[in-house]
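Novice: Compact mmCIF, C-alpha atoms and all ligand atoms, saved as upload12.txt, coming up:
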```txt
# COMPACT_ATOMS: atom_id res chain seq x y z
CA MET A 1 77.97 89.51 105.39
CA LYS A 2 74.64 91.24 105.84
CA SER A 3 75.06 94.87 104.82
CA LEU A 4 72.97 98.00 105.13
CA VAL A 5 73.53 101.32 103.37
CA ALA A 6 71.87 104.28 105.15
CA TYR A 7 72.23 107.69 103.57
CA TYR A 8 70.79 111.16 103.26
CA SER A 9 71.04 113.14 100.05
CA ARG A 10 69.59 116.56 99.23
CA SER A 11 70.55 116.70 95.57
CA ASN A 12 71.16 113.05 94.66
CA ILE A 13 74.98 113.00 94.69
CA THR A 14 75.34 110.99 97.90
CA LYS A 15 72.34 108.98 96.70
CA LYS A 16 74.21 107.94 93.56
CA LEU A 17 77.21 106.84 95.63
CA ALA A 18 74.96 105.04 98.13
CA GLU A 19 73.23 103.10 95.36
CA THR A 20 76.56 102.16 93.79
CA ILE A 21 77.80 100.88 97.15
CA ALA A 22 74.55 98.98 97.80
CA ASN A 23 74.78 97.31 94.38
CA GLY A 24 78.44 96.45 94.98
CA VAL A 25 77.81 94.59 98.24
CA ASN A 26 74.19 93.54 97.72
CA ALA A 27 73.00 95.63 100.65
CA ASP A 28 69.62 96.77 101.88
CA ILE A 29 69.25 100.48 101.42
CA GLU A 30 67.73 103.03 103.79
CA GLU A 31 67.16 106.58 102.64
CA ILE A 32 67.16 108.87 105.66
CA ILE A 33 64.27 111.31 105.20
CA PRO A 34 64.01 114.41 107.40
CA LYS A 35 60.50 115.36 108.51
CA GLU A 36 61.28 119.02 107.78
CA LYS A 37 62.55 119.28 104.20
CA TYR A 38 65.70 121.11 103.13
CA GLN A 39 64.73 121.85 99.54
CA GLY A 40 64.73 125.29 97.89
CA LYS A 41 66.53 128.47 98.87
CA LEU A 42 65.02 128.62 102.33
CA GLY A 43 65.84 124.98 102.85
CA PHE A 44 69.44 125.62 101.84
CA ALA A 45 69.74 128.40 104.41
CA ARG A 46 68.11 126.21 107.07
CA ALA A 47 70.43 123.33 106.21
CA GLY A 48 73.53 125.46 106.74
CA LYS A 49 72.20 126.86 110.00
CA HIS A 50 71.16 123.45 111.36
CA ALA A 51 74.49 121.88 110.36
CA MET A 52 76.50 124.59 112.09
CA SER A 53 74.65 124.05 115.36
CA GLU A 54 74.68 120.23 114.88
CA LYS A 55 70.93 120.24 115.35
CA ILE A 56 69.37 116.83 115.93
CA ILE A 57 66.21 116.74 113.86
CA GLU A 58 63.29 114.37 113.43
CA ILE A 59 63.56 111.78 110.69
CA GLU A 60 60.89 109.54 109.18
CA GLU A 61 60.47 106.04 110.60
CA LEU A 62 63.20 103.66 109.49
CA LYS A 63 62.59 100.52 107.45
CA PHE A 64 65.61 98.64 108.75
CA ASP A 65 67.20 98.18 112.17
CA PRO A 66 70.97 98.70 111.80
CA ALA A 67 71.57 96.35 114.75
CA ASP A 68 70.55 93.47 112.44
CA TYR A 69 73.52 94.02 110.11
CA ASP A 70 77.18 92.93 110.11
CA VAL A 71 78.27 96.08 108.24
CA VAL A 72 76.54 99.45 108.10
CA TYR A 73 77.55 101.93 105.43
CA ILE A 74 76.50 105.46 106.39
CA GLY A 75 76.50 108.34 103.94
CA ALA A 76 76.07 112.11 104.07
CA PRO A 77 76.87 115.29 102.20
CA VAL A 78 79.07 117.87 103.93
CA TRP A 79 77.11 120.92 105.06
CA ALA A 80 79.04 123.92 106.37
CA GLY A 81 82.04 121.69 107.02
CA LYS A 82 79.90 119.23 109.00
CA VAL A 83 77.87 116.08 108.55
CA ALA A 84 74.40 116.91 107.12
CA THR A 85 71.89 116.90 109.98
CA PRO A 86 69.62 114.06 108.76
CA THR A 87 72.57 111.64 108.80
CA LEU A 88 73.87 113.06 112.08
CA SER A 89 70.41 112.53 113.58
CA TYR A 90 70.36 108.94 112.28
CA ILE A 91 73.72 108.32 113.96
CA LYS A 92 72.49 109.84 117.21
CA GLN A 93 69.19 107.93 117.10
CA ASN A 94 71.06 104.64 116.63
CA GLU A 95 73.89 105.22 119.08
CA GLY A 96 75.16 101.88 120.40
CA LYS A 97 73.58 99.95 117.51
CA LEU A 98 76.08 100.82 114.81
CA ASN A 99 78.78 98.21 114.55
CA ASN A 100 81.39 97.92 111.84
CA VAL A 101 80.52 101.27 110.24
CA ARG A 102 81.98 102.43 106.96
CA PHE A 103 81.32 106.14 106.58
CA PHE A 104 81.18 107.97 103.26
CA MET A 105 80.69 111.61 102.39
CA THR A 106 80.44 113.84 99.35
CA ALA A 107 81.30 117.56 99.21
CA GLY A 108 82.04 120.35 96.79
CA SER A 109 85.64 120.51 98.02
CA ASP A 110 87.91 117.70 99.07
CA ASP A 111 88.44 118.51 102.74
CA PHE A 112 86.63 115.89 104.79
CA LYS A 113 88.83 115.73 107.91
CA LYS A 114 86.64 117.90 110.14
CA SER A 115 83.44 116.09 109.25
CA PHE A 116 84.98 112.64 109.77
CA LYS A 117 86.23 113.80 113.16
CA GLN A 118 82.81 115.23 114.09
CA VAL A 119 81.10 111.83 114.28
CA GLU A 120 83.48 110.65 117.02
CA LYS A 121 81.47 112.86 119.37
CA TYR A 122 78.51 110.58 118.69
CA SER A 123 80.46 107.45 119.65
CA LEU A 124 80.94 106.52 116.03
CA LYS A 125 84.31 105.06 115.12
CA PRO A 126 84.12 104.13 111.44
CA VAL A 127 86.42 101.30 110.42
CA LYS A 128 86.75 102.91 107.01
CA THR A 129 85.98 106.33 105.57
CA LEU A 130 85.55 107.57 102.03
CA GLY A 131 85.29 111.17 100.86
CA LEU A 132 84.49 112.03 97.25
CA THR A 133 83.85 115.37 95.59
CA THR A 134 80.56 116.10 93.86
CA LYS A 135 82.45 116.21 90.57
CA GLN A 136 84.07 112.79 91.10
CA VAL A 137 80.67 111.23 91.78
CA LYS A 138 79.00 112.97 88.85
CA LYS A 139 81.72 111.89 86.43
CA ASP A 140 82.09 108.37 87.84
CA GLU A 141 85.69 109.13 88.73
CA PHE A 142 85.97 106.82 91.72
CA ASN A 143 86.98 103.33 92.64
CA LEU A 144 85.29 101.63 95.59
CA ASP A 145 87.43 98.47 95.75
CA SER A 146 89.32 99.22 98.98
CA PHE A 147 86.25 100.77 100.64
CA LEU A 148 84.10 97.73 99.97
CA GLU A 149 86.61 94.93 100.51
C1 LIG B 1 73.63 123.75 103.02
C2 LIG B 1 74.83 123.23 102.27
C3 LIG B 1 76.10 123.47 102.78
C4 LIG B 1 77.23 122.96 102.11
N1 LIG B 1 78.47 123.16 102.68
C5 LIG B 1 79.57 122.65 102.06
C6 LIG B 1 80.87 122.81 102.65
O1 LIG B 1 81.03 123.37 103.72
N2 LIG B 1 81.93 122.30 101.98
C7 LIG B 1 81.80 121.66 100.79
O2 LIG B 1 82.80 121.22 100.24
N3 LIG B 1 80.57 121.47 100.21
C8 LIG B 1 79.46 121.95 100.81
N4 LIG B 1 78.22 121.76 100.24
C9 LIG B 1 78.12 121.03 98.98
C10 LIG B 1 77.66 119.58 99.17
O3 LIG B 1 78.38 118.93 100.20
C11 LIG B 1 77.86 118.78 97.88
O4 LIG B 1 77.27 119.42 96.79
C12 LIG B 1 77.33 117.35 98.03
O5 LIG B 1 77.92 116.50 97.06
C13 LIG B 1 75.80 117.30 97.87
O6 LIG B 1 75.36 116.00 98.11
P1 LIG B 1 73.83 115.55 97.93
O7 LIG B 1 73.50 115.77 96.48
O8 LIG B 1 73.84 114.12 98.28
O9 LIG B 1 72.98 116.39 98.81
C14 LIG B 1 77.09 122.24 100.89
C15 LIG B 1 75.78 122.02 100.38
C16 LIG B 1 74.66 122.49 101.06
C17 LIG B 1 73.29 122.21 100.53
```
Mind converting the file's structure to structure tokens?

Specialist:
Amino acid sequence: MKSLVAYYSRSNITKKLAETIANGVNADIEEIIPKEKYQGKLGFARAGKHAMSEKIIEIEELKFDPADYDVVYIGAPVWAGKVATPTLSYIKQNEGKLNNVRFFMTAGSDDFKKSFKQVEKYSLKPVKTLGLTTKQVKKDEFNLDSFLE
């Protein structure tokens, strides 16, 4: 199975999970990079504001076409209870091309229901979802067996 992992990460937590997944299934990996950065205090405020309004933003050109893959793993941090805008924008940009999606998220708390539901609006129906807390990822307290099988 040809697999792609596409993720956005502001502070490297989702990145760590994405890289672990990519190693586990021998996938190509696409880091989603927003043209307008979200770093620093101002970036943090902008991130929350953009997430709340589900703003679709511009992202850098992609290396891989998700339509070429049998499985696409998509990852994002939770921002203000929602999917971080760079990942949301990736999903929107690739609407109709994303088959067999497995969707993973990281967040400070462990309530992912709202964010998993949010992507349905963008015609995304993940076949599997995974939500891990920042702490679980940092401390390697997770098992990916059922998510990857
Ligand atoms: C702007 C912003 C908003 C956030 N909102 C939430 C939230 O609503 N709920 C939550 O549990 N965590 C929230 N977080 C925490 C992140 O989801 C969490 O730290 C995540 O693991 C960061 O992943 P990353 O390092 O890949 O960016 C927020 C973080 C940022 C930057």

Novice: Using only C-alpha atoms, which of the listed residues (A:Gln118, A:Ser9, A:Ser3, A:Asn26) sits closest to Tyr69 of chain A?

Specialist: A:Ser3

Novice: Could you check the closest approach to ligand LIG 1 (chain B) for each of A:Glu19, A:Glu61, A:Glu36, A:Asp111 and tell me which residue wins, using only C-alpha atoms and all ligand atoms?

Specialist: A:Asp111

Novice: 10 Å from ligand LIG 1 (chain B) is the threshold here; counting all atoms listed in the file, which polymer residues fall inside it? Answer as number ranges by chain.

Specialist: A: 7-18, 38-52, 75-85, 105-112, 115, 131-138

Novice: Determine the nearest neighbour of Val71 of chain A from the options A:Ile21, A:Val5, A:Ile91, A:Ile32, counting only C-alpha atoms.

Specialist: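 Result for the nearest residue to Val71 of chain A: A:Val5.
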
Novice: If you count all atoms listed in the file, which residues fall within 12 Å of Met1 of chain A, apart from same-chain ones fewer than 3 positions away, as a CSV table (one decimal) with C-alpha atoms, in the coordinates of the input?

Specialist:
```
chain,number,residue,atom,x,y,z
A,4,LEU,CA,73.0,98.0,105.1
A,25,VAL,CA,77.8,94.6,98.2
A,26,ASN,CA,74.2,93.5,97.7
A,27,ALA,CA,73.0,95.6,100.6
A,28,ASP,CA,69.6,96.8,101.9
A,68,ASP,CA,70.6,93.5,112.4
A,69,TYR,CA,73.5,94.0,110.1
A,70,ASP,CA,77.2,92.9,110.1
A,71,VAL,CA,78.3,96.1,108.2
A,72,VAL,CA,76.5,99.4,108.1
A,100,ASN,CA,81.4,97.9,111.8
A,148,LEU,CA,84.1,97.7,100.0
A,149,GLU,CA,86.6,94.9,100.5
```

Novice: When you draw a straight line from atom CA of Lys2 of chain A to atom CA of Pro34 of chain A, how long is it in Å?

Specialist: 25.5 Å

Novice: Go through A:Glu31, A:Asp65, A:Asp145, A:Asp140 and flag the residue nearest Pro86 of chain A, using all atoms listed in the file for the distances.

Specialist: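 Of the candidates, the smallest distance to Pro86 of chain A is held by A:Glu31.
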
Novice: Can you tell me how far atom CA of Lys92 of chain A sits from atom CA of Leu124 of chain A, in Å to one decimal?

Specialist: 9.2 Å

Novice: Find the residue from A:Leu144, A:Leu88, A:Val127, A:Ile56 that sits nearest to Val101 of chain A; use all atoms listed in the file when measuring.

Specialist: A:Val127

Novice: Rank A:Lys35, A:Lys121, A:Asn143, A:Ile59 by their smallest atom-to-atom distance to Thr87 of chain A, using all atoms listed in the file, and report the top residue only.

Specialist: A:Ile59

Novice: So what do you get for atom CA of Ser146 of chain A versus atom CA of Pro126 of chain A, distance-wise?

Specialist: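 Straight-line distance from atom CA of Ser146 of chain A to atom CA of Pro126 of chain A works out to 14.4 Å.
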
Novice: Using 3 Å of padding on each side, determine the axis-aligned box around all atoms of segment 8-23 of chain A present in the file and give its centre and edge lengths in Å to one decimal, as AutoDock Vina command-line options.

Specialist:
```
--center_x 73.7 --center_y 107.0 --center_z 98.4 --size_x 14.2 --size_y 25.4 --size_z 15.7
```
